[in-house]
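Structure below is data-v8.csv: CSV, C-alpha atoms.
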chain,number,residue,atom,x,y,z
A,1,MET,CA,0.0,0.0,0.0
A,2,LEU,CA,2.8,2.4,0.8
A,3,TRP,CA,4.5,1.8,-2.5
A,4,ASN,CA,1.2,2.5,-4.3
A,5,ALA,CA,0.9,5.7,-2.3
A,6,ILE,CA,4.4,6.8,-3.3
A,7,LYS,CA,3.6,6.1,-7.0
A,8,LEU,CA,0.4,8.1,-6.8
A,9,ALA,CA,2.4,10.9,-5.1
A,10,MET,CA,5.0,10.9,-7.9
A,11,ALA,CA,2.3,11.0,-10.5
A,12,SER,CA,0.6,13.9,-8.8
A,13,ILE,CA,3.9,15.8,-8.7
A,14,ARG,CA,4.6,15.2,-12.4
A,15,ARG,CA,1.1,16.4,-13.3
A,16,ASN,CA,1.8,19.7,-11.6
A,17,ALA,CA,5.5,19.9,-12.1
A,18,LEU,CA,5.8,23.7,-12.2
A,19,ARG,CA,3.6,24.3,-9.3
A,20,SER,CA,5.4,21.6,-7.3
A,21,PHE,CA,8.8,23.2,-8.1
A,22,LEU,CA,7.7,26.6,-7.1
A,23,THR,CA,6.3,25.2,-3.8
A,24,LEU,CA,9.7,23.5,-3.2
A,25,LEU,CA,11.8,26.6,-3.6
A,26,GLY,CA,11.8,27.4,0.1
A,27,ILE,CA,13.0,23.9,1.0
A,28,VAL,CA,15.5,23.8,-1.8
A,29,ILE,CA,17.0,27.2,-0.8
A,30,GLY,CA,16.9,26.3,2.9
A,31,VAL,CA,18.5,22.9,2.6
A,32,GLY,CA,21.0,24.2,0.0
A,33,ALA,CA,22.1,27.1,2.1
A,34,VAL,CA,22.5,25.0,5.3
A,35,ILE,CA,24.6,22.3,3.5
A,36,ALA,CA,26.6,24.9,1.7
A,37,MET,CA,27.3,26.9,4.9
A,38,VAL,CA,28.3,23.8,6.9
A,39,THR,CA,30.4,22.4,4.1
A,40,ILE,CA,32.2,25.7,3.6
A,41,GLY,CA,32.6,26.2,7.3
A,42,ASN,CA,34.1,22.7,7.7
A,43,GLY,CA,36.5,23.4,4.9
A,44,ALA,CA,37.5,26.7,6.4
A,45,SER,CA,38.2,25.1,9.8
A,46,GLN,CA,40.2,22.4,8.1
A,47,GLN,CA,42.2,25.0,6.2
A,48,VAL,CA,42.9,26.9,9.4
A,49,GLN,CA,44.1,23.7,11.1
A,50,GLN,CA,46.3,22.8,8.2
A,51,ASN,CA,47.8,26.2,7.9
A,52,LEU,CA,48.6,26.5,11.6
A,53,SER,CA,50.1,23.0,11.7
A,54,ARG,CA,52.5,24.1,8.9
A,55,LEU,CA,53.8,26.7,11.3
A,56,GLY,CA,55.1,23.9,13.5
A,57,SER,CA,53.5,21.3,15.9
A,58,ASN,CA,53.1,22.0,19.6
A,59,MET,CA,54.7,25.4,19.2
A,60,LEU,CA,54.9,28.4,21.5
A,61,VAL,CA,55.9,31.8,20.1
A,62,ALA,CA,57.2,34.5,22.4
A,63,ARG,CA,57.2,38.0,21.1
A,64,PRO,CA,58.0,41.4,22.6
A,65,GLY,CA,55.0,43.7,23.5
A,66,GLN,CA,51.3,43.1,23.7
A,67,SER,CA,50.5,44.0,20.1
A,68,THR,CA,48.1,42.0,17.9
A,69,PHE,CA,49.5,38.6,17.1
A,70,GLY,CA,50.1,38.3,13.3
A,71,PRO,CA,52.6,37.3,10.7
A,72,ALA,CA,54.9,40.3,11.1
A,73,GLY,CA,55.5,40.0,14.8
A,74,THR,CA,56.7,43.6,15.1
A,75,SER,CA,56.4,45.7,18.2
A,76,ASP,CA,57.8,48.8,19.8
A,77,ALA,CA,58.6,46.9,23.0
A,78,ARG,CA,62.1,46.0,24.1
A,79,ALA,CA,63.3,43.1,21.9
A,80,PHE,CA,64.7,39.9,23.2
A,81,ASP,CA,68.4,39.2,23.1
A,82,GLU,CA,70.6,36.1,23.0
A,83,ARG,CA,70.8,36.0,26.8
A,84,ASP,CA,67.0,35.5,27.0
A,85,VAL,CA,67.4,32.6,24.6
A,86,SER,CA,70.3,31.1,26.6
A,87,ALA,CA,68.2,31.3,29.8
A,88,LEU,CA,65.3,29.5,28.2
A,89,ARG,CA,67.6,26.8,26.8
A,90,ALA,CA,69.2,26.3,30.2
A,91,SER,CA,66.0,26.1,32.1
A,92,LEU,CA,63.2,24.6,29.9
A,93,SER,CA,62.8,20.8,29.7
A,94,GLY,CA,60.6,18.7,27.4
A,95,VAL,CA,61.2,20.8,24.3
A,96,ARG,CA,62.3,19.7,20.9
A,97,GLY,CA,64.0,22.9,20.0
A,98,ILE,CA,64.2,26.6,20.7
A,99,SER,CA,64.9,29.0,17.8
A,100,PRO,CA,65.3,32.8,18.1
A,101,THR,CA,64.4,34.6,14.9
A,102,ALA,CA,64.6,38.1,13.4
A,103,GLN,CA,62.9,39.2,10.2
A,104,ARG,CA,62.7,42.0,7.7
A,105,SER,CA,61.6,42.5,4.2
A,106,ALA,CA,64.4,42.8,1.6
A,107,LYS,CA,65.0,42.6,-2.1
A,108,VAL,CA,66.9,39.5,-3.2
A,109,VAL,CA,68.7,39.4,-6.5
A,110,ALA,CA,70.0,36.5,-8.7
A,111,GLY,CA,71.4,37.4,-12.1
A,112,ALA,CA,68.9,39.6,-13.9
A,113,PHE,CA,66.0,38.7,-11.6
A,114,ASN,CA,65.0,40.3,-8.3
A,115,TYR,CA,62.2,39.7,-5.9
A,116,THR,CA,61.1,41.3,-2.6
A,117,THR,CA,60.6,38.7,0.2
A,118,THR,CA,60.9,38.1,3.9
A,119,VAL,CA,64.4,37.4,5.1
A,120,THR,CA,64.6,35.4,8.4
A,121,GLY,CA,67.6,35.2,10.6
A,122,ALA,CA,67.5,32.0,12.6
A,123,THR,CA,69.4,29.1,14.1
A,124,ALA,CA,69.5,25.5,12.9
A,125,ASP,CA,66.7,24.6,15.4
A,126,TYR,CA,64.4,26.8,13.3
A,127,PHE,CA,63.8,24.0,10.7
A,128,VAL,CA,63.1,21.5,13.5
A,129,VAL,CA,60.8,23.9,15.4
A,130,GLN,CA,58.9,24.9,12.3
A,131,ASP,CA,58.6,21.2,11.1
A,132,TRP,CA,60.2,22.4,7.8
A,133,ILE,CA,61.7,19.7,5.7
A,134,ILE,CA,64.8,20.6,3.6
A,135,ALA,CA,63.9,19.2,0.1
A,136,ASP,CA,67.3,19.7,-1.4
A,137,GLY,CA,70.7,20.5,0.0
A,138,ARG,CA,71.2,21.1,3.8
A,139,GLY,CA,70.6,23.5,6.7
A,140,PHE,CA,73.2,25.5,8.6
A,141,LEU,CA,76.1,24.0,10.4
A,142,GLU,CA,77.0,25.1,14.0
A,143,THR,CA,80.3,26.6,12.7
A,144,GLU,CA,78.3,28.6,10.1
A,145,GLU,CA,76.0,29.9,12.8
A,146,ARG,CA,78.8,30.9,15.2
A,147,SER,CA,80.9,32.6,12.5
A,148,GLY,CA,78.0,34.3,10.7
A,149,SER,CA,78.7,32.7,7.4
A,150,SER,CA,77.1,34.0,4.2
A,151,VAL,CA,74.9,31.0,3.4
A,152,CYS,CA,71.1,30.8,3.0
A,153,VAL,CA,68.2,28.4,2.6
A,154,ILE,CA,65.4,29.5,0.3
A,155,GLY,CA,61.7,28.7,-0.1
A,156,SER,CA,60.1,27.3,-3.3
A,157,THR,CA,58.6,30.7,-4.3
A,158,ILE,CA,62.1,32.2,-4.4
A,159,ARG,CA,63.4,29.3,-6.4
A,160,ASN,CA,60.5,29.7,-8.9
A,161,GLU,CA,60.8,33.5,-9.2
A,162,LEU,CA,64.6,33.7,-9.5
A,163,PHE,CA,65.8,30.4,-10.9
A,164,GLY,CA,62.8,28.8,-12.6
A,165,ALA,CA,63.7,25.2,-13.6
A,166,LEU,CA,67.4,25.7,-12.8
A,167,PRO,CA,68.8,24.0,-9.6
A,168,PRO,CA,69.4,26.7,-7.0
A,169,ILE,CA,71.9,24.9,-4.8
A,170,GLY,CA,75.3,26.4,-5.2
A,171,GLN,CA,74.0,29.6,-6.8
A,172,ARG,CA,74.8,33.0,-5.4
A,173,LEU,CA,72.0,35.2,-4.0
A,174,ARG,CA,72.4,38.9,-3.2
A,175,ILE,CA,70.5,40.2,-0.2
A,176,GLY,CA,70.7,44.0,0.2
A,177,THR,CA,74.4,44.8,0.1
A,178,PHE,CA,75.9,41.3,0.6
A,179,SER,CA,75.8,38.0,-1.2
A,180,CYS,CA,75.4,34.4,0.1
A,181,ASP,CA,75.6,30.9,-1.2
A,182,ILE,CA,72.4,28.9,-1.4
A,183,ILE,CA,72.9,25.7,0.5
A,184,GLY,CA,69.3,24.4,0.8
A,185,LEU,CA,65.8,24.4,-0.6
A,186,LEU,CA,62.8,24.2,1.6
A,187,GLU,CA,59.8,21.9,0.9
A,188,SER,CA,56.7,23.9,-0.1
A,189,LYS,CA,54.3,24.8,2.7
A,190,GLY,CA,51.9,27.1,0.9
A,191,GLN,CA,49.8,29.8,2.5
A,192,SER,CA,49.9,30.5,6.2
A,193,ALA,CA,46.9,30.9,8.5
A,194,PHE,CA,47.5,34.7,8.3
A,195,GLY,CA,47.3,34.6,4.4
A,196,SER,CA,51.0,35.1,3.7
A,197,ASP,CA,53.1,32.9,1.4
A,198,GLN,CA,55.3,30.8,3.6
A,199,ASP,CA,57.4,29.7,0.6
A,200,SER,CA,58.4,33.3,-0.1
A,201,THR,CA,61.3,33.2,2.4
A,202,VAL,CA,65.1,33.3,2.7
A,203,VAL,CA,66.6,31.9,5.9
A,204,ILE,CA,70.1,32.9,6.9
A,205,PRO,CA,72.1,32.3,10.1
A,206,LEU,CA,70.9,34.7,12.9
A,207,ARG,CA,74.4,36.2,13.4
A,208,THR,CA,74.7,36.8,9.7
A,209,PHE,CA,71.3,38.6,9.8
A,210,GLN,CA,72.3,40.7,12.7
A,211,ARG,CA,75.7,41.7,11.3
A,212,ARG,CA,75.0,42.1,7.6
A,213,LEU,CA,71.3,43.1,7.4
A,214,ALA,CA,69.9,44.5,10.6
A,215,GLY,CA,73.0,46.1,12.1
A,216,ASN,CA,71.8,45.2,15.6
A,217,THR,CA,71.4,42.1,17.9
A,218,ARG,CA,67.6,42.3,18.4
A,219,ILE,CA,65.5,39.1,18.3
A,220,ASN,CA,61.9,39.6,17.2
A,221,SER,CA,60.6,36.3,18.4
A,222,ILE,CA,61.5,33.0,20.1
A,223,ASN,CA,59.9,29.9,18.8
A,224,ILE,CA,59.7,26.9,21.1
A,225,SER,CA,58.6,23.4,20.0
A,226,VAL,CA,57.3,21.3,22.9
A,227,ALA,CA,57.9,17.6,22.7
A,228,ASP,CA,54.5,16.5,24.2
A,229,ALA,CA,51.3,18.5,23.6
A,230,ALA,CA,50.3,17.8,27.2
A,231,ASP,CA,53.3,19.7,28.5
A,232,ILE,CA,52.4,22.9,26.5
A,233,PRO,CA,50.7,24.8,29.4
A,234,GLN,CA,53.6,24.0,31.8
A,235,VAL,CA,56.3,25.0,29.3
A,236,GLN,CA,54.3,28.2,28.5
A,237,LEU,CA,54.1,29.1,32.2
A,238,GLU,CA,57.8,28.4,32.8
A,239,THR,CA,58.7,30.5,29.7
A,240,GLU,CA,56.7,33.4,31.0
A,241,GLN,CA,58.3,33.1,34.4
A,242,ILE,CA,61.9,33.0,33.0
A,243,LEU,CA,61.2,36.0,30.7
A,244,ARG,CA,59.7,38.0,33.5
A,245,GLU,CA,62.8,37.4,35.6
A,246,ARG,CA,65.1,38.2,32.7
A,247,ARG,CA,63.2,41.4,31.9
A,248,ARG,CA,63.0,42.4,35.6
A,249,ILE,CA,59.2,42.7,35.7
A,250,ALA,CA,58.0,43.2,39.2
A,251,PRO,CA,55.1,41.0,40.7
A,252,GLY,CA,51.8,42.5,39.8
A,253,GLU,CA,53.1,44.4,36.7
A,254,ASN,CA,51.9,43.5,33.2
A,255,ASP,CA,54.2,41.5,30.9
A,256,ASP,CA,55.9,43.5,28.2
A,257,PHE,CA,55.9,40.3,26.0
A,258,THR,CA,53.5,37.7,24.8
A,259,VAL,CA,53.8,33.9,24.8
A,260,ARG,CA,51.2,32.3,22.5
A,261,ASP,CA,50.2,28.7,22.0
A,262,LEU,CA,49.5,28.2,18.3
A,263,THR,CA,47.4,25.1,19.1
A,264,GLN,CA,45.1,27.3,21.2
A,265,ILE,CA,44.9,29.9,18.4
A,266,ALA,CA,43.9,27.1,16.0
A,267,ASN,CA,41.2,25.9,18.4
A,268,THR,CA,39.9,29.4,18.9
A,269,MET,CA,39.7,30.1,15.2
A,270,ALA,CA,38.0,26.8,14.5
A,271,SER,CA,35.5,27.5,17.3
A,272,THR,CA,34.7,30.9,15.9
A,273,THR,CA,34.2,29.4,12.4
A,274,THR,CA,31.9,26.8,13.9
A,275,VAL,CA,29.8,29.4,15.7
A,276,LEU,CA,29.5,31.6,12.6
A,277,THR,CA,28.6,28.5,10.5
A,278,GLY,CA,25.9,27.6,13.0
A,279,LEU,CA,24.5,31.1,13.0
A,280,LEU,CA,24.4,31.3,9.2
A,281,GLY,CA,22.9,27.8,9.0
A,282,SER,CA,20.2,28.8,11.5
A,283,VAL,CA,19.2,31.8,9.5
A,284,ALA,CA,19.1,29.7,6.3
A,285,ALA,CA,16.9,27.2,8.2
A,286,VAL,CA,14.1,29.7,8.3
A,287,SER,CA,13.6,28.9,4.6
A,288,LEU,CA,12.7,25.4,5.6
A,289,LEU,CA,9.8,26.8,7.6
A,290,VAL,CA,8.7,28.9,4.6
A,291,GLY,CA,9.0,25.8,2.5
A,292,GLY,CA,6.9,23.8,4.9
A,293,ILE,CA,4.1,26.4,4.9
A,294,GLY,CA,4.3,26.3,1.1
A,295,ILE,CA,3.8,22.5,1.1
A,296,MET,CA,0.8,22.9,3.4
A,297,ASN,CA,-0.8,25.5,1.2
A,298,ILE,CA,-0.3,23.5,-2.0
A,299,MET,CA,-1.6,20.3,-0.3
A,300,LEU,CA,-4.8,22.2,0.8
A,301,VAL,CA,-5.2,23.4,-2.8
A,302,SER,CA,-4.7,19.8,-4.0
A,303,VAL,CA,-7.4,18.5,-1.6
A,304,THR,CA,-9.8,21.1,-2.8
A,305,GLU,CA,-9.1,20.3,-6.5
A,306,ARG,CA,-9.4,16.6,-6.0
A,307,THR,CA,-12.5,16.6,-3.7
A,308,ARG,CA,-14.5,14.6,-6.2
A,309,GLU,CA,-11.6,12.1,-6.6
A,310,ILE,CA,-11.5,11.7,-2.9
A,311,GLY,CA,-15.3,11.2,-2.7
A,312,ILE,CA,-15.2,8.5,-5.4
A,313,ARG,CA,-12.5,6.6,-3.5
A,314,LEU,CA,-14.3,6.8,-0.2
A,315,ALA,CA,-17.6,5.8,-1.9
A,316,ILE,CA,-16.1,2.6,-3.4
A,317,GLY,CA,-14.7,1.5,-0.1
A,318,ALA,CA,-11.4,3.3,0.5
A,319,LEU,CA,-10.7,3.8,4.2
A,320,ALA,CA,-10.2,7.2,5.6
A,321,SER,CA,-6.7,6.0,6.8
A,322,GLN,CA,-5.8,5.1,3.2
A,323,VAL,CA,-6.8,8.6,2.0
A,324,LEU,CA,-4.8,10.2,4.9
A,325,THR,CA,-1.8,8.0,4.0
A,326,GLN,CA,-1.9,9.0,0.3
A,327,PHE,CA,-1.9,12.7,1.0
A,328,LEU,CA,0.6,12.5,3.8
A,329,VAL,CA,3.0,10.4,1.6
A,330,GLU,CA,2.6,13.0,-1.2
A,331,ALA,CA,3.6,15.8,1.2
A,332,ILE,CA,6.6,13.8,2.4
A,333,VAL,CA,7.7,12.9,-1.1
A,334,LEU,CA,7.4,16.5,-2.1
A,335,ALA,CA,9.5,17.6,0.8
A,336,MET,CA,12.1,14.9,0.2
A,337,PHE,CA,12.4,15.8,-3.4
A,338,GLY,CA,13.0,19.4,-2.3
A,339,GLY,CA,15.7,18.1,0.1
A,340,LEU,CA,17.4,16.2,-2.8
A,341,LEU,CA,17.5,19.3,-5.0
A,342,GLY,CA,18.6,21.4,-2.1
A,343,THR,CA,21.4,19.0,-1.3
A,344,LEU,CA,22.7,19.0,-4.9
A,345,LEU,CA,22.5,22.8,-4.9
A,346,GLY,CA,24.3,23.1,-1.6
A,347,LEU,CA,27.1,20.7,-2.6
A,348,GLY,CA,27.5,22.5,-5.9
A,349,LEU,CA,27.8,25.9,-4.2
A,350,ALA,CA,30.2,24.5,-1.6
A,351,GLY,CA,32.3,22.9,-4.4
A,352,ALA,CA,32.5,26.1,-6.3
A,353,ALA,CA,33.4,28.0,-3.1
A,354,SER,CA,36.2,25.5,-2.3
A,355,ILE,CA,37.7,26.1,-5.7
A,356,PHE,CA,37.4,29.9,-5.5
A,357,LEU,CA,38.6,30.2,-1.9
A,358,HIS,CA,41.2,27.4,-2.1
A,359,ILE,CA,39.8,25.5,0.9
A,360,PRO,CA,39.2,21.8,1.3
A,361,PHE,CA,35.8,20.4,0.2
A,362,GLU,CA,34.6,18.9,3.5
A,363,ALA,CA,31.0,17.5,3.0
A,364,ASP,CA,29.5,16.1,6.2
A,365,GLY,CA,27.4,13.0,5.6
A,366,ARG,CA,25.7,13.5,9.0
A,367,ILE,CA,24.4,17.0,8.0
A,368,ILE,CA,23.1,15.6,4.7
A,369,THR,CA,21.3,12.8,6.5
A,370,LEU,CA,19.9,15.2,9.0
A,371,ALA,CA,18.7,17.5,6.2
A,372,PHE,CA,16.7,14.6,4.6
A,373,GLY,CA,15.3,13.7,8.1
A,374,VAL,CA,14.2,17.3,8.6
A,375,CYS,CA,12.6,17.4,5.2
A,376,ALA,CA,10.7,14.2,6.0
A,377,LEU,CA,9.6,15.8,9.3
A,378,ILE,CA,8.5,18.9,7.5
A,379,GLY,CA,6.4,16.8,5.1
A,380,ILE,CA,4.8,15.1,8.1
A,381,LEU,CA,4.1,18.2,10.1
A,382,PHE,CA,2.9,20.4,7.3
A,383,GLY,CA,1.2,17.7,5.3
A,384,TYR,CA,-0.8,16.1,8.2
A,385,PHE,CA,-3.5,18.9,8.4
A,386,PRO,CA,-4.4,18.8,4.6
A,387,ALA,CA,-4.2,14.9,4.7
A,388,ARG,CA,-6.6,14.8,7.7
A,389,ARG,CA,-9.0,17.2,6.0
A,390,ALA,CA,-9.0,14.9,2.9
A,391,ALA,CA,-9.6,11.8,5.1
A,392,ARG,CA,-12.5,13.5,6.9
A,393,LEU,CA,-14.4,14.5,3.8
A,394,ASP,CA,-18.0,13.2,3.6
A,395,PRO,CA,-18.2,11.0,0.4
A,396,ILE,CA,-21.7,12.4,-0.5
A,397,GLU,CA,-20.7,16.0,-0.1
A,398,ALA,CA,-17.4,15.3,-1.9
A,399,LEU,CA,-19.3,13.8,-4.9
A,400,ARG,CA,-21.5,16.9,-5.1
A,401,HIS,CA,-18.3,19.2,-5.3
A,402,GLU,CA,-17.9,20.9,-8.7

Written as structure tokens, how would this file's structure read?
Amino acid sequence: MLWNAIKLAMASIRRNALRSFLTLLGIVIGVGAVIAMVTIGNGASQQVQQNLSRLGSNMLVARPGQSTFGPAGTSDARAFDERDVSALRASLSGVRGISPTAQRSAKVVAGAFNYTTTVTGATADYFVVQDWIIADGRGFLETEERSGSSVCVIGSTIRNELFGALPPIGQRLRIGTFSCDIIGLLESKGQSAFGSDQDSTVVIPLRTFQRRLAGNTRINSINISVADAADIPQVQLETEQILRERRRIAPGENDDFTVRDLTQIANTMASTTTVLTGLLGSVAAVSLLVGGIGIMNIMLVSVTERTREIGIRLAIGALASQVLTQFLVEAIVLAMFGGLLGTLLGLGLAGAASIFLHIPFEADGRIITLAFGVCALIGILFGYFPARRAARLDPIEALRHE
């Protein structure tokens, strides 16, 4: 009986295809918007996690000042120095590496080509802390760090811009007023969580940076890679205590530096994305209510138009429950069909957004299943009243209907 009711419902929808489609627009838009928002939100969260993980796993970043945390890491506060780094190395336990860094923008030149990029002065631990694989060549030697040798490791963007298909290892690169030998090529990391190109970088020994480029011994940030994620809060607390002592900050005074946990930043950004996705999805869900009202209206019209048909069925022995089932199934099928079209629309929009925004396509099967369930529920709730009205028609009065 149920299958017959479904076939009758499909036949009724086909007979009134345009009217049925217009009725479904609310549900199509609602389901499509919800699925698109959730899928795009999931992709954005995944992208944030991936980008932050490329900065290094279990990483703490200490920077002078209380300015907004971002890719530049600049501040007017008193910079760190090598004695701060030495104190951290001597006191902290459970860390994989500690790398002081200094950065500035500079024009790099190779032959007839030049490119403006970020030059980073760092120690050999930098590549360990940042989880950065050297794809070709090697990193710095301790002797090169201590002596401030003119050597550098470049990112893939620098290789592409200055050397194209030529192997860069062994080539000379001019940075500002001095030249250095390229000894390593970094594996590509892509865009950072802050939107900058991580592969547009040149890394030189910190001492070389201080002597040849900056003209001072300032350190802009200290990057600390913690061996075990569970130890991050303790290492962060110890780092803050050591730096407070080193910088002679009295008890009760505010820190003139910031120590941030990148994992916490990732979680905060992901939570924010989830909340925004939920809010946008809730607004879009209002369309489902509009679609449900549309289904109820069209089913009431259908009952009125088919009054004589209902009267004939009841007169020849059809049960009221059978009539109710037929119209209820028709409402459910109508809503489910709208859910199908909405799902296809939502996935299509999310797919286009993932290509345009360069984020992963993260469709959630649970949301799609829930959307179909909600559509079925809408069909039941908004189709029951018209179906009950049809089932309660008096056969004699129905047959008299013109």

Counting all atoms listed in the file, the residue of A:Glu397, A:Ser147, A:Val235, A:Gly338 that sits nearest Leu92 of chain A: A:Val235

Length of the atom CA of Val28 of chain A to atom CA of Met336 of chain A vector [Å]: 9.7 Å

Shortest interatomic distance to Thr143 of chain A - which of A:Gly43, A:Gly365, A:Pro205, A:Pro168, counting only C-alpha atoms: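 Of A:Gly43, A:Gly365, A:Pro205, A:Pro168, the one nearest Thr143 of chain A, counting only C-alpha atoms, is A:Pro205.
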
Please produce, as JSON lines, a per-residue contact table for segment 182-202 of chain A versus segment 113-127 of chain A (criterion: any atom at most 6 Å away, all atoms listed in the file considered), showing the nearest atom pair and its distance in Å to one decimal, sorted by chain then residue number.
{"residue": "A:Ser200", "atom": "CA", "partner": "A:Thr117", "partner_atom": "CA", "distance": 5.8}
{"residue": "A:Thr201", "atom": "CA", "partner": "A:Thr118", "partner_atom": "CA", "distance": 5.1}
{"residue": "A:Val202", "atom": "CA", "partner": "A:Val119", "partner_atom": "CA", "distance": 4.8}

Closest of A:Ile310, A:Ala331, A:Ala102, A:Ile367 to Gly346 of chain A - atom-to-atom distances counting only C-alpha atoms: A:Ile367

Non-local contacts of segment 36-40 of chain A (9 Å; only C-alpha atoms; under 4 positions in same chain excluded) as a list in words: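 Answer for this query is Val31, Gly32, Ala44, Ser45, Thr274, Thr277, Gly278, Leu280, Gly281, Ala284, Thr343, Leu345, Gly346, Leu347, Gly348, Leu349, Ala350, Gly351, Ala353, Ser354, Ile359, Pro360, Phe361, Glu362, Ala363, Asp364 and Ile367 of chain A.
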
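Here atom CA of Ile154 of chain A is placed at a distance of 19.3 Å from atom CA of Asn223 of chain A.
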
A:Ile134, A:Ile169, A:Ile204, A:Val85 ranked by distance to Val151 of chain A, top pick (using all atoms listed in the file): A:Ile204

For Glu238 of chain A, list every protein, DNA or RNA residue within 9 Å, evaluated using all atoms listed in the file, and leave out those in the same chain fewer than 3 positions away; present the list as an mmCIF file with C-alpha atoms, in the frame of the given file.
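Final output, around06.cif:
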data_model
loop_
_atom_site.group_PDB
_atom_site.id
_atom_site.type_symbol
_atom_site.label_atom_id
_atom_site.label_comp_id
_atom_site.auth_asym_id
_atom_site.auth_seq_id
_atom_site.Cartn_x
_atom_site.Cartn_y
_atom_site.Cartn_z
ATOM 1 C CA LEU A 88 65.300 29.500 28.200
ATOM 2 C CA SER A 91 66.000 26.100 32.100
ATOM 3 C CA LEU A 92 63.200 24.600 29.900
ATOM 4 C CA PRO A 233 50.700 24.800 29.400
ATOM 5 C CA GLN A 234 53.600 24.000 31.800
ATOM 6 C CA VAL A 235 56.300 25.000 29.300
ATOM 7 C CA GLN A 241 58.300 33.100 34.400
ATOM 8 C CA ILE A 242 61.900 33.000 33.000
ATOM 9 C CA LEU A 243 61.200 36.000 30.700
#
